[in-house]
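*Asks:* Data: coords_4.cif, mmCIF, C-alpha atoms.
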data_my_file
#
loop_
_atom_site.label_atom_id
_atom_site.label_comp_id
_atom_site.auth_asym_id
_atom_site.auth_seq_id
_atom_site.Cartn_x
_atom_site.Cartn_y
_atom_site.Cartn_z
CA MET Y 1 119.35 95.68 99.95
CA THR Y 2 116.21 96.80 101.67
CA ARG Y 3 113.25 98.30 100.00
CA GLY Y 4 112.86 102.01 100.61
CA TYR Y 5 109.85 103.13 102.62
CA HIS Y 6 108.77 105.31 99.70
CA ASP Y 7 108.77 102.37 97.27
CA ILE Y 8 105.21 101.22 97.90
CA GLY Y 9 103.87 100.07 94.53
CA GLY Y 10 101.74 96.99 95.20
CA ALA Y 11 101.72 97.35 98.98
CA SER Y 12 98.56 96.85 100.96
CA ALA Y 13 96.68 99.98 101.89
CA GLY Y 14 93.14 100.93 102.71
CA GLU Y 15 90.54 102.90 100.82
CA ILE Y 16 91.67 105.85 98.68
CA PRO Y 17 91.10 109.09 100.60
CA ILE Y 18 89.31 110.91 97.79
CA VAL Y 19 89.68 114.44 99.09
CA GLU Y 20 90.78 117.76 97.66
CA LEU Y 21 92.94 120.15 99.69
CA PRO Y 22 93.89 123.77 99.05
CA TRP Y 23 97.47 124.54 98.07
CA LEU Y 24 98.83 126.82 100.77
CA GLN Y 25 101.18 129.74 100.36
CA TRP Y 26 104.03 128.20 102.37
CA GLU Y 27 103.72 125.03 100.30
CA LYS Y 28 104.01 127.06 97.10
CA GLN Y 29 107.05 128.79 98.57
CA VAL Y 30 108.70 125.41 99.27
CA GLU Y 31 108.08 124.32 95.69
CA ALA Y 32 109.21 127.65 94.24
CA ILE Y 33 112.49 127.72 96.19
CA ARG Y 34 113.33 124.18 95.08
CA ASN Y 35 112.60 125.11 91.47
CA VAL Y 36 114.76 128.22 91.68
CA LEU Y 37 117.64 126.29 93.29
CA GLY Y 38 117.38 123.66 90.57
CA ASP Y 39 117.11 126.01 87.61
CA GLY Y 40 119.55 126.07 84.70
CA THR Y 41 121.69 128.86 86.08
CA ARG Y 42 122.08 127.53 89.63
CA ARG Y 43 121.74 123.76 89.32
CA MET Y 44 122.12 123.61 93.09
CA MET Y 45 119.56 120.90 93.70
CA SER Y 46 118.06 118.42 91.30
CA LEU Y 47 114.70 116.82 91.86
CA ASP Y 48 116.51 113.53 92.36
CA GLU Y 49 118.63 115.05 95.13
CA LEU Y 50 115.49 116.27 96.82
CA ARG Y 51 114.02 112.78 96.51
CA ARG Y 52 117.18 111.25 97.95
CA GLY Y 53 116.68 113.63 100.87
CA PHE Y 54 113.24 112.39 101.83
CA GLU Y 55 113.99 108.81 100.92
CA SER Y 56 116.87 108.76 103.39
CA PHE Y 57 115.77 110.92 106.32
CA GLY Y 58 114.02 108.02 108.00
CA GLU Y 59 110.62 106.39 107.85
CA GLU Y 60 109.47 108.10 111.02
CA LYS Y 61 109.80 111.55 109.45
CA TYR Y 62 108.50 110.35 106.10
CA ARG Y 63 105.32 109.01 107.63
CA SER Y 64 104.66 111.89 109.99
CA TYR Y 65 105.39 114.86 107.73
CA SER Y 66 102.94 116.18 105.18
CA PHE Y 67 103.96 116.19 101.54
CA TYR Y 68 105.44 119.71 101.43
CA ARG Y 69 106.95 119.47 104.91
CA ARG Y 70 108.80 116.39 103.67
CA ARG Y 71 110.12 118.34 100.73
CA LEU Y 72 111.12 121.27 102.93
CA GLU Y 73 113.01 119.12 105.44
CA ALA Y 74 114.71 117.18 102.63
CA MET Y 75 115.80 120.45 101.02
CA LEU Y 76 117.27 121.63 104.33
CA ASP Y 77 119.18 118.36 104.78
CA ILE Y 78 120.65 118.60 101.28
CA LEU Y 79 121.66 122.26 101.63
CA ILE Y 80 123.29 121.54 104.99
CA GLU Y 81 125.06 118.55 103.45
CA LYS Y 82 126.34 120.82 100.68
CA GLY Y 83 127.63 123.29 103.25
CA VAL Y 84 125.40 126.14 102.07
CA PHE Y 85 124.60 126.73 105.75
CA THR Y 86 124.86 124.81 109.00
CA ARG Y 87 122.05 123.36 111.08
CA GLU Y 88 122.84 125.94 113.76
CA GLU Y 89 122.63 128.81 111.29
CA TYR Y 90 119.33 127.48 110.11
CA GLU Y 91 117.90 127.15 113.61
CA ALA Y 92 119.00 130.71 114.34
CA ALA Y 93 117.14 131.85 111.21
CA VAL Y 94 114.08 129.91 112.37
CA ALA Y 95 114.19 131.69 115.72
CA GLU Y 96 114.32 135.02 113.93
CA ALA Y 97 111.46 134.09 111.63
CA ARG Y 98 109.45 132.82 114.58
CA ALA Y 99 109.80 136.17 116.29
CA GLN Y 100 107.99 137.72 113.33
CA TRP Y 101 105.12 135.30 113.80
CA GLU Y 102 104.46 135.80 117.49
CA PRO Y 103 100.74 135.72 118.21
CA ALA Y 104 99.27 139.16 118.76
CA PRO Y 105 98.93 140.09 122.40
CA GLU Y 106 95.49 139.76 123.90
CA CYS Y 107 93.37 142.81 123.19
CA ALA Y 108 92.59 144.95 126.19
CA PRO Y 109 88.89 144.77 127.02
CA MET U 1 117.40 91.03 102.20
CA THR U 2 115.56 89.45 99.34
CA HIS U 3 112.72 91.11 97.56
CA ASP U 4 110.26 88.46 98.66
CA GLY U 5 111.43 88.36 102.23
CA HIS U 6 111.03 92.07 102.57
CA GLU U 7 107.62 92.03 100.98
CA HIS U 8 106.46 89.58 103.57
CA ASP U 9 107.71 91.84 106.32
CA HIS U 10 105.45 94.60 105.16
CA ASP U 11 102.51 92.84 103.59
CA HIS U 12 100.10 92.02 106.31
CA GLY U 13 98.10 89.58 104.28
CA HIS U 14 96.30 90.04 101.02
CA ASP U 15 92.84 90.51 102.36
CA HIS U 16 92.26 93.91 100.88
CA GLY U 17 88.90 94.33 102.52
CA HIS U 18 90.19 94.57 106.08
CA GLU U 19 93.17 96.86 105.99
CA PRO U 20 93.67 99.86 108.18
CA HIS U 21 92.88 103.07 106.41
CA GLU U 22 96.15 104.87 105.63
CA PRO U 23 95.59 108.41 106.81
CA LEU U 24 96.50 111.28 104.56
CA VAL U 25 99.18 113.25 106.40
CA VAL U 26 98.09 116.87 106.61
CA GLU U 27 99.31 119.69 108.81
CA ASP U 28 97.05 121.19 111.43
CA GLU U 29 96.99 124.94 111.94
CA ALA U 30 100.11 124.86 114.10
CA GLY U 31 101.85 122.66 111.53
CA ASN U 32 101.07 125.14 108.77
CA ILE U 33 102.42 128.01 110.83
CA GLU U 34 105.53 125.93 111.53
CA GLY U 35 105.90 125.24 107.81
CA GLN U 36 105.54 128.95 107.06
CA ILE U 37 108.19 129.86 109.65
CA ARG U 38 110.63 127.20 108.48
CA VAL U 39 110.35 128.07 104.80
CA ALA U 40 110.66 131.78 105.62
CA ALA U 41 113.86 131.00 107.54
CA LEU U 42 115.19 129.01 104.59
CA GLN U 43 114.47 131.82 102.17
CA ALA U 44 116.05 134.40 104.50
CA LEU U 45 119.28 132.37 104.63
CA LEU U 46 119.40 131.86 100.86
CA VAL U 47 118.75 135.57 100.28
CA ALA U 48 121.43 136.55 102.81
CA ARG U 49 123.91 134.40 100.88
CA ASN U 50 122.87 135.96 97.56
CA LEU U 51 121.82 132.59 96.22
CA VAL U 52 118.22 133.56 95.66
CA ALA U 53 116.43 136.88 95.30
CA PRO U 54 112.98 137.28 96.89
CA GLN U 55 111.50 138.46 93.59
CA GLU U 56 112.69 135.24 91.92
CA VAL U 57 110.72 133.22 94.43
CA ARG U 58 107.64 135.41 93.96
CA ARG U 59 107.92 135.08 90.18
CA GLU U 60 108.32 131.33 90.46
CA ILE U 61 105.23 131.10 92.68
CA GLU U 62 103.26 132.96 90.01
CA ARG U 63 104.61 130.60 87.38
CA ILE U 64 103.64 127.43 89.25
CA GLU U 65 100.21 128.82 90.12
CA ALA U 66 99.36 129.40 86.47
CA PRO U 67 98.81 125.88 85.08
CA GLY U 68 95.56 124.09 85.70
CA VAL U 69 92.91 121.89 84.20
CA HIS U 70 92.13 124.54 81.56
CA LEU U 71 95.45 123.83 79.80
CA GLY U 72 94.86 120.10 79.61
CA ALA U 73 91.28 120.72 78.49
CA LYS U 74 92.52 122.95 75.66
CA ILE U 75 94.85 120.21 74.43
CA VAL U 76 92.14 117.55 74.63
CA ALA U 77 89.52 119.67 72.85
CA ARG U 78 91.96 120.45 70.04
CA ALA U 79 92.79 116.77 69.65
CA TRP U 80 89.08 115.92 69.44
CA THR U 81 88.47 118.43 66.68
CA ASP U 82 91.68 118.24 64.65
CA ALA U 83 92.83 114.77 63.59
CA ALA U 84 96.22 115.98 62.37
CA TYR U 85 96.82 117.71 65.71
CA LYS U 86 95.83 114.56 67.56
CA ALA U 87 98.35 112.54 65.56
CA ARG U 88 101.09 115.02 66.42
CA LEU U 89 100.01 115.02 70.08
CA LEU U 90 100.20 111.26 70.37
CA ASP U 91 103.57 111.32 68.60
CA ASN U 92 105.14 114.05 70.75
CA GLY U 93 103.11 115.54 73.57
CA LYS U 94 105.60 118.22 74.45
CA SER U 95 105.85 119.77 71.00
CA ALA U 96 102.09 119.50 70.41
CA ALA U 97 101.44 121.28 73.73
CA ALA U 98 103.94 123.96 72.65
CA GLU U 99 101.87 124.54 69.49
CA LEU U 100 99.09 125.78 71.79
CA GLY U 101 101.51 127.96 73.73
CA ILE U 102 101.70 125.50 76.62
CA GLY U 103 105.24 124.94 77.85
CA VAL U 104 105.94 121.56 79.39
CA GLY U 105 108.69 121.92 81.98
CA GLU U 106 108.96 118.21 82.69
CA ALA U 107 111.29 116.19 80.50
CA GLN U 108 108.72 114.67 78.16
CA LEU U 109 104.98 114.39 77.86
CA ILE U 110 103.35 111.19 76.68
CA VAL U 111 99.67 111.44 75.79
CA VAL U 112 97.83 108.13 76.03
CA GLU U 113 94.53 107.72 74.25
CA ASN U 114 91.46 106.03 75.66
CA ASP U 115 89.31 104.17 73.15
CA GLU U 116 86.71 101.40 73.11
CA ALA U 117 89.34 98.79 73.91
CA THR U 118 91.71 100.51 76.32
CA HIS U 119 91.41 102.63 79.44
CA ASN U 120 94.53 104.45 80.63
CA LEU U 121 95.28 105.50 84.18
CA VAL U 122 98.21 107.56 85.51
CA CYS U 123 100.06 107.29 88.83
CA CYS U 124 103.46 107.65 90.48
CA THR U 125 104.25 104.87 92.94
CA LEU U 126 107.61 106.27 94.11
CA CYS U 127 106.63 109.86 94.81
CA SER U 128 104.13 112.17 93.14
CA CYS U 129 105.18 112.78 89.54
CA TYR U 130 102.35 114.47 87.70
CA PRO U 131 102.04 116.64 84.56
CA ARG U 132 102.21 119.82 86.68
CA SER U 133 102.95 122.08 83.70
CA ILE U 134 99.57 121.14 82.29
CA LEU U 135 97.31 120.21 85.18
CA GLY U 136 98.87 122.13 88.06
CA GLN U 137 99.35 120.45 91.42
CA PRO U 138 98.20 116.86 91.90
CA PRO U 139 95.12 116.29 94.03
CA ALA U 140 95.67 115.08 97.60
CA TRP U 141 94.46 111.57 96.85
CA TYR U 142 96.96 111.22 93.98
CA ILE U 143 99.85 111.54 96.45
CA SER U 144 98.17 109.39 99.10
CA LYS U 145 99.80 106.13 100.06
CA ALA U 146 96.63 104.21 99.24
CA TYR U 147 96.44 105.42 95.63
CA ARG U 148 100.18 105.07 94.99
CA ALA U 149 100.33 101.59 96.50
CA ARG U 150 97.15 100.02 95.16
CA VAL U 151 96.71 101.41 91.66
CA VAL U 152 99.41 99.22 90.10
CA ARG U 153 98.05 96.12 91.81
CA GLU U 154 94.28 96.41 91.67
CA PRO U 155 93.43 99.24 89.29
CA ARG U 156 89.86 98.07 88.77
CA ALA U 157 89.11 98.11 92.49
CA VAL U 158 90.66 101.58 92.73
CA LEU U 159 88.57 102.84 89.82
CA LYS U 160 85.45 101.43 91.46
CA GLU U 161 86.16 103.60 94.50
CA PHE U 162 86.10 106.56 92.13
CA GLY U 163 82.75 105.35 90.81
CA LEU U 164 84.06 103.95 87.56
CA GLU U 165 83.35 100.33 86.77
CA LEU U 166 85.03 99.21 83.57
CA PRO U 167 83.77 96.35 81.42
CA VAL U 168 85.98 93.26 81.59
CA ALA U 169 86.42 93.48 77.83
CA MET U 170 88.20 96.81 78.20
CA ARG U 171 91.92 96.58 78.91
CA VAL U 172 93.36 98.72 81.72
CA VAL U 173 96.82 100.18 81.28
CA VAL U 174 98.36 101.84 84.35
CA HIS U 175 101.18 104.27 83.62
CA ASP U 176 103.65 104.60 86.48
CA SER U 177 105.42 107.97 86.03
CA ASN U 178 108.59 106.80 87.74
CA ALA U 179 111.28 108.54 85.70
CA ASP U 180 111.46 111.21 83.00
CA MET U 181 108.06 110.98 81.31
CA ARG U 182 104.82 112.55 82.44
CA TYR U 183 101.46 111.30 81.23
CA LEU U 184 98.19 112.84 80.18
CA VAL U 185 95.15 110.74 79.30
CA LEU U 186 93.28 111.75 76.16
CA PRO U 187 89.73 110.78 77.12
CA GLN U 188 87.16 109.57 74.63
CA ARG U 189 85.02 112.35 73.20
CA PRO U 190 81.58 111.95 74.78
CA GLU U 191 78.61 110.88 72.72
CA GLY U 192 76.27 113.64 71.62
CA THR U 193 78.91 116.36 71.27
CA GLN U 194 79.13 116.42 67.46
CA ALA U 195 77.64 119.91 67.24
CA MET U 196 79.93 121.43 69.86
CA ASP U 197 82.88 123.62 68.94
CA GLU U 198 86.36 123.39 70.44
CA ALA U 199 85.73 125.95 73.18
CA ALA U 200 82.52 124.26 74.29
CA LEU U 201 84.23 120.86 74.27
CA ALA U 202 87.05 122.16 76.44
CA GLU U 203 84.45 123.08 79.07
CA LEU U 204 83.50 119.42 79.37
CA VAL U 205 86.97 118.11 80.11
CA THR U 206 87.78 117.37 83.75
CA ARG U 207 91.04 116.80 85.58
CA ASP U 208 89.99 113.35 86.72
CA CYS U 209 89.35 112.13 83.18
CA MET U 210 92.85 113.32 82.18
CA ILE U 211 94.33 111.29 85.07
CA GLY U 212 92.11 108.39 84.10
CA VAL U 213 90.04 107.92 87.27
CA ALA U 214 86.92 109.09 85.43
CA VAL U 215 85.38 109.06 81.98
CA LEU U 216 83.20 111.77 80.48
CA PRO U 217 79.47 111.16 80.42
CA ALA U 218 77.48 111.53 77.22
CA ALA U 219 76.31 115.10 76.69
CA MET E 1 129.28 113.83 76.73
CA ARG E 2 129.59 110.07 76.79
CA ALA E 3 126.50 108.16 75.77
CA MET E 4 125.53 104.51 75.71
CA ARG E 5 123.80 103.08 72.69
CA PRO E 6 120.36 101.65 73.46
CA ARG E 7 120.57 97.85 73.63
CA PHE E 8 116.86 97.17 73.30
CA ASP E 9 114.01 98.14 71.04
CA ALA E 10 110.24 97.88 70.86
CA GLY E 11 109.04 94.31 71.19
CA ASP E 12 112.10 92.98 72.99
CA LYS E 13 111.45 90.81 76.03
CA VAL E 14 113.43 92.09 79.00
CA ARG E 15 113.93 91.14 82.61
CA VAL E 16 114.33 93.82 85.25
CA LEU E 17 117.47 93.32 87.30
CA ASP E 18 117.76 93.80 91.01
CA LEU E 19 121.01 95.73 91.14
CA GLY E 20 120.88 96.05 94.90
CA LYS E 21 121.99 99.64 94.69
CA PRO E 22 121.72 101.66 97.85
CA GLY E 23 120.61 105.25 97.61
CA HIS E 24 118.20 106.89 95.25
CA VAL E 25 117.05 104.74 92.33
CA ARG E 26 113.95 104.92 90.16
CA THR E 27 113.32 101.24 89.53
CA PRO E 28 110.62 100.18 91.98
CA PHE E 29 110.76 96.80 93.69
CA TYR E 30 107.46 95.61 92.29
CA VAL E 31 108.90 95.22 88.78
CA ARG E 32 112.26 93.75 89.77
CA HIS E 33 112.94 90.20 88.53
CA HIS E 34 109.89 90.41 86.28
CA VAL E 35 109.76 89.99 82.52
CA GLY E 36 108.14 92.64 80.37
CA THR E 37 108.11 93.87 76.80
CA VAL E 38 109.79 97.06 75.61
CA LEU E 39 107.01 99.33 74.35
CA HIS E 40 109.35 101.93 72.89
CA ARG E 41 112.58 103.76 73.43
CA ALA E 42 111.99 106.91 75.45
CA GLY E 43 115.18 108.86 74.84
CA MET E 44 118.48 109.42 76.63
CA PHE E 45 118.55 110.94 80.08
CA LEU E 46 120.92 111.72 82.90
CA ASN E 47 120.98 108.84 85.34
CA PRO E 48 118.89 109.75 88.41
CA GLU E 49 121.35 107.78 90.54
CA ASP E 50 124.00 110.37 89.53
CA LEU E 51 121.67 113.35 89.78
CA ALA E 52 120.73 112.30 93.31
CA ILE E 53 124.29 112.88 94.46
CA GLY E 54 124.72 116.13 92.60
CA ARG E 55 126.44 114.77 89.49
CA VAL E 56 124.77 116.74 86.74
CA CYS E 57 127.29 116.23 83.93
CA GLY E 58 126.35 112.85 82.62
CA PRO E 59 126.70 110.37 81.10
CA VAL E 60 123.21 110.03 79.68
CA VAL E 61 121.63 106.59 79.62
CA PRO E 62 118.89 105.10 77.43
CA LEU E 63 115.41 104.96 78.91
CA TYR E 64 112.66 102.60 77.77
CA ARG E 65 108.99 102.26 78.46
CA VAL E 66 108.35 98.66 79.39
CA GLY E 67 104.97 96.95 79.67
CA PHE E 68 104.28 94.23 82.24
CA ALA E 69 101.18 92.08 82.33
CA MET E 70 99.40 92.46 85.66
CA THR E 71 99.32 88.69 85.87
CA GLU E 72 103.13 88.64 85.59
CA LEU E 73 103.55 91.12 88.44
CA TRP E 74 100.83 89.73 90.71
CA PRO E 75 100.17 85.99 90.51
CA ASP E 76 96.85 86.51 92.31
CA TYR E 77 95.64 89.19 89.88
CA ASP E 78 92.03 88.39 89.11
CA GLY E 79 91.37 90.84 86.27
CA PRO E 80 91.71 90.33 82.52
CA ALA E 81 95.00 88.88 81.28
CA ASP E 82 95.78 91.88 79.07
CA ASP E 83 95.62 94.47 81.86
CA MET E 84 99.08 95.93 82.26
CA VAL E 85 101.46 98.39 83.87
CA ALA E 86 103.66 100.58 81.68
CA ILE E 87 106.75 101.95 83.40
CA GLU E 88 110.08 103.58 82.55
CA ILE E 89 113.29 101.61 83.07
CA TYR E 90 116.87 102.74 82.44
CA ASP E 91 119.07 100.51 80.29
CA HIS E 92 121.40 99.31 83.05
CA TRP E 93 118.47 97.82 84.99
CA LEU E 94 117.50 95.53 82.10
CA ALA E 95 118.72 92.22 80.71
CA ALA E 96 117.46 90.34 77.68
CA ALA E 97 114.94 87.78 78.94
CA GLU E 98 115.83 84.18 78.19
CA PRO E 99 113.83 82.78 75.31
CA PRO E 100 110.85 80.82 76.60
CA PRO E 101 111.48 77.09 77.00
CA ALA E 102 110.48 74.97 74.04
CA PRO E 103 106.95 73.57 74.41
#
Could you quickly redo this structure as structure tokens?
*Replies:*
Amino acid sequence: MTRGYHDIGGASAGEIPIVELPWLQWEKQVEAIRNVLGDGTRRMMSLDELRRGFESFGEEKYRSYSFYRRRLEAMLDILIEKGVFTREEYEAAVAEARAQWEPAPECAP
Amino acid sequence: MTHDGHEHDHDHGHDHGHEPHEPLVVEDEAGNIEGQIRVAALQALLVARNLVAPQEVRREIERIEAPGVHLGAKIVARAWTDAAYKARLLDNGKSAAAELGIGVGEAQLIVVENDEATHNLVCCTLCSCYPRSILGQPPAWYISKAYRARVVREPRAVLKEFGLELPVAMRVVVHDSNADMRYLVLPQRPEGTQAMDEAALAELVTRDCMIGVAVLPAA
Amino acid sequence: MRAMRPRFDAGDKVRVLDLGKPGHVRTPFYVRHHVGTVLHRAGMFLNPEDLAIGRVCGPVVPLYRVGFAMTELWPDYDGPADDMVAIEIYDHWLAAAEPPPAP
């Protein structure tokens, strides 16, 4: 039984990065969607399911993703596992969303 | 694999002075745009399947934006000025918070009191559990690997990095919020505040002293 | 809903088991095998190991707050002997600690 990469109590680590960061809108949206999916009427995703998601998607992802990106990707994995949508459907939705975020064309001089 | 064997795989010595700094993982601008696109795509799919309504997400964002240090400060200031309230708070944090109109969404709230003999400190080694209903989102350092890993092993060294050196005679108790409880530190009321009323006292209370990485200076 | 009765109470010496469970668990490695003291009962909760796989209907299990001396967890701990960690452990991860050997 190996120790999960998230289970780090007592591990060696360097100095505490004592910094404050703003909470961004997309990060709030990630948190809000998880809360709504987990609420008393839906009960579609518990916090422990979300944790299972990021505890099992691999150390590589865990170490390279930021806190809310981890939660977002874990939520996607769990919803795909539950059959709410497929990976392909999700990627299609990403392509559509990306189209709405195209950078503005260069302004004419 | 045994516990010990695995520990040795990952513990590159105990010389805490010479370890690589664990970077805080943050998104760059492109990463934030990617996050925005991916969460927008998720919401679009959930809305298309009638599982979530956009206004529910907006309402939930408003709800999670609302808590902050002011709520914790209100609880602390009341406890400092009302002994009966303090007793109820230490007995059941959730119901005492509710008395002040503060709803605790997490399962339970345990309030731990600092005094001359004991200093309390809160962490979550497994993820990032934090009394969000009261203090809002945890600071970046609270969810950093370095804080989560080291605070249960060398709390005094960690506190020193925050500028807090505790006397050896004072016991340190580290609360790992690993399951259904969330923790709030009730700091000691600073010296020289006898004349202050509850509202003025609340102004003194900081987030860091309610996590336990700071104490309040004398007024 | 089925419910277990709590087996331990404040003051009991307990040892944290290493159940070797795969998947999502909330008992960190750093307390496994170690002996601590039950500080108090913390209520009855759904088992996170069930919740993690979408089982939201119970049973509920007793939860305790358990205190561990830093010197028990970390043999090289160089701070005061009464420094401690307080952590939450579900009933099934605990066993009564053997009484200490006679002096």
*Asks:* Determine, counting all atoms listed in the file, which protein, DNA and RNA residues have an atom within 8 Å of an atom of Thr206 of chain U; residues of the same chain fewer than 2 positions away are not included. Present the result as JSON, numbers by chain.
*Replies:* {"U": [69, 73, 204, 208, 209, 210, 216]}
*Asks:* Within 8 Å of chain U, which residues of chain Y come that close, and what is the closest atom pair and distance in Å for each? Count only C-alpha atoms and give it as CSV.
*Replies:*
residue,atom,partner,partner_atom,distance
Y:Met1,CA,U:Met1,CA,5.5
Y:Thr2,CA,U:Met1,CA,5.9
Y:Arg3,CA,U:His6,CA,7.1
Y:His6,CA,U:Leu126,CA,5.8
Y:Asp7,CA,U:Leu126,CA,5.2
Y:Ile8,CA,U:Ala149,CA,5.1
Y:Gly9,CA,U:Ala149,CA,4.3
Y:Gly10,CA,U:Ala149,CA,5.0
Y:Ala11,CA,U:Ala149,CA,5.1
Y:Ser12,CA,U:Asp11,CA,6.2
Y:Ala13,CA,U:Ala146,CA,5.0
Y:Gly14,CA,U:His21,CA,4.3
Y:Glu15,CA,U:His21,CA,6.1
Y:Ile16,CA,U:Ala146,CA,5.3
Y:Pro17,CA,U:Trp141,CA,5.6
Y:Ile18,CA,U:Trp141,CA,5.3
Y:Val19,CA,U:Trp141,CA,6.0
Y:Glu20,CA,U:Ala140,CA,5.6
Y:Leu21,CA,U:Ala140,CA,6.1
Y:Trp26,CA,U:Gln36,CA,5.0
Y:Glu27,CA,U:Gly35,CA,7.8
Y:Lys28,CA,U:Ile61,CA,6.1
Y:Gln29,CA,U:Ile61,CA,6.6
Y:Val30,CA,U:Val39,CA,6.4
Y:Glu31,CA,U:Ile61,CA,7.9
Y:Ala32,CA,U:Glu60,CA,5.4
Y:Ile33,CA,U:Val57,CA,6.0
Y:Asn35,CA,U:Glu60,CA,7.6
Y:Val36,CA,U:Val57,CA,7.0
Y:Leu37,CA,U:Val52,CA,7.7
Y:Arg63,CA,U:Val25,CA,7.6
Y:Ser64,CA,U:Val25,CA,6.7
Y:Tyr65,CA,U:Val25,CA,6.6
Y:Ser66,CA,U:Val25,CA,4.9
Y:Phe67,CA,U:Val25,CA,7.4
Y:Arg69,CA,U:Gly35,CA,6.5
Y:Leu72,CA,U:Val39,CA,7.1
Y:Leu76,CA,U:Leu42,CA,7.7
Y:Phe85,CA,U:Leu45,CA,7.8
Y:Tyr90,CA,U:Ala41,CA,7.0
Y:Ala93,CA,U:Ala41,CA,5.0
Y:Val94,CA,U:Ala41,CA,5.0
Y:Glu96,CA,U:Ala41,CA,7.6
Y:Ala97,CA,U:Ala41,CA,5.7
Y:Arg98,CA,U:Ile37,CA,5.9
Y:Trp101,CA,U:Ile37,CA,7.5
*Asks:* Which distance in Å separates atom CA of Arg7 of chain E and atom CA of Val38 of chain E, to one decimal?
*Replies:*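 Between atom CA of Arg7 of chain E and atom CA of Val38 of chain E the gap is 11.0 Å.
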*Asks:* I need every residue sitting at most 7 Å from the point (124.4, 98.4, 77.3) (coordinates as in the file, only C-alpha atoms considered), written as number ranges by chain.
*Replies:* E: 4-7, 91-92
*Asks:* Give me, as JSON, numbers by chain, the contact residues of chain Y against chain E at a cut-off of 12 Å, counting all atoms listed in the file.
*Replies:* {"Y": [1, 2, 3, 4, 5, 6, 7, 8, 9, 10, 11, 38, 40, 42, 43, 44, 45, 46, 47, 48, 49, 50, 51, 52, 53, 54, 55, 56, 57, 78, 79, 81, 82]}
*Asks:* How many Å separate atom CA of Thr41 of chain Y from atom CA of Pro59 of chain E?
*Replies:*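 About the pair atom CA of Thr41 of chain Y and atom CA of Pro59 of chain E: they are 19.8 Å apart.
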*Asks:* If I take atom CA of Ala195 of chain U and atom CA of Ala77 of chain U, how far is one from the other in Å, to one decimal?
*Replies:*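 Result for atom CA of Ala195 of chain U versus atom CA of Ala77 of chain U: 13.1 Å, one decimal.
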*Asks:* I need the residue set behind the PyMOL selection byres ((chain E) within 8 of (chain U)) for this file; please write it as a list in words.
*Replies:*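 Applying the expression gives Arg26, Thr27, Pro28, Phe29, Phe45, Met70, Trp74, Tyr77, Gly79, Pro80, Asp82, Asp83, Met84, Val85, Ala86, Ile87, Glu88 and Ile89 of chain E.
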*Asks:* Any chance you could resolve the PyMOL selection byres ((chain U and resi 71) around 10) against this file and give the residues as a ChimeraX atom specification?
*Replies:* /U:66-70,72-76,97,100-102,133-136,202
*Asks:* Would you write out those residues with C-alpha atoms, as an mmCIF file, in the frame of the given file?
*Replies:*
data_model
loop_
_atom_site.group_PDB
_atom_site.id
_atom_site.type_symbol
_atom_site.label_atom_id
_atom_site.label_comp_id
_atom_site.auth_asym_id
_atom_site.auth_seq_id
_atom_site.Cartn_x
_atom_site.Cartn_y
_atom_site.Cartn_z
ATOM 1 C CA ALA U 66 99.360 129.400 86.470
ATOM 2 C CA PRO U 67 98.810 125.880 85.080
ATOM 3 C CA GLY U 68 95.560 124.090 85.700
ATOM 4 C CA VAL U 69 92.910 121.890 84.200
ATOM 5 C CA HIS U 70 92.130 124.540 81.560
ATOM 6 C CA GLY U 72 94.860 120.100 79.610
ATOM 7 C CA ALA U 73 91.280 120.720 78.490
ATOM 8 C CA LYS U 74 92.520 122.950 75.660
ATOM 9 C CA ILE U 75 94.850 120.210 74.430
ATOM 10 C CA VAL U 76 92.140 117.550 74.630
ATOM 11 C CA ALA U 97 101.440 121.280 73.730
ATOM 12 C CA LEU U 100 99.090 125.780 71.790
ATOM 13 C CA GLY U 101 101.510 127.960 73.730
ATOM 14 C CA ILE U 102 101.700 125.500 76.620
ATOM 15 C CA SER U 133 102.950 122.080 83.700
ATOM 16 C CA ILE U 134 99.570 121.140 82.290
ATOM 17 C CA LEU U 135 97.310 120.210 85.180
ATOM 18 C CA GLY U 136 98.870 122.130 88.060
ATOM 19 C CA ALA U 202 87.050 122.160 76.440
#
*Asks:* Do you know which residues the PyMOL selection byres ((chain E and resi 13-17) around 8) returns on this file, as a ChimeraX atom specification?
*Replies:* /E:11-12,18-19,31-38,93-97
*Asks:* Listed atoms of segment 80-89 of chain E, axis-aligned box, 8 Å per side: centre and edge lengths to one decimal in Å, as lines of an AutoDock Vina configuration file?
*Replies:*
center_x = 102.5
center_y = 96.2
center_z = 81.5
size_x = 37.6
size_y = 30.7
size_z = 20.8
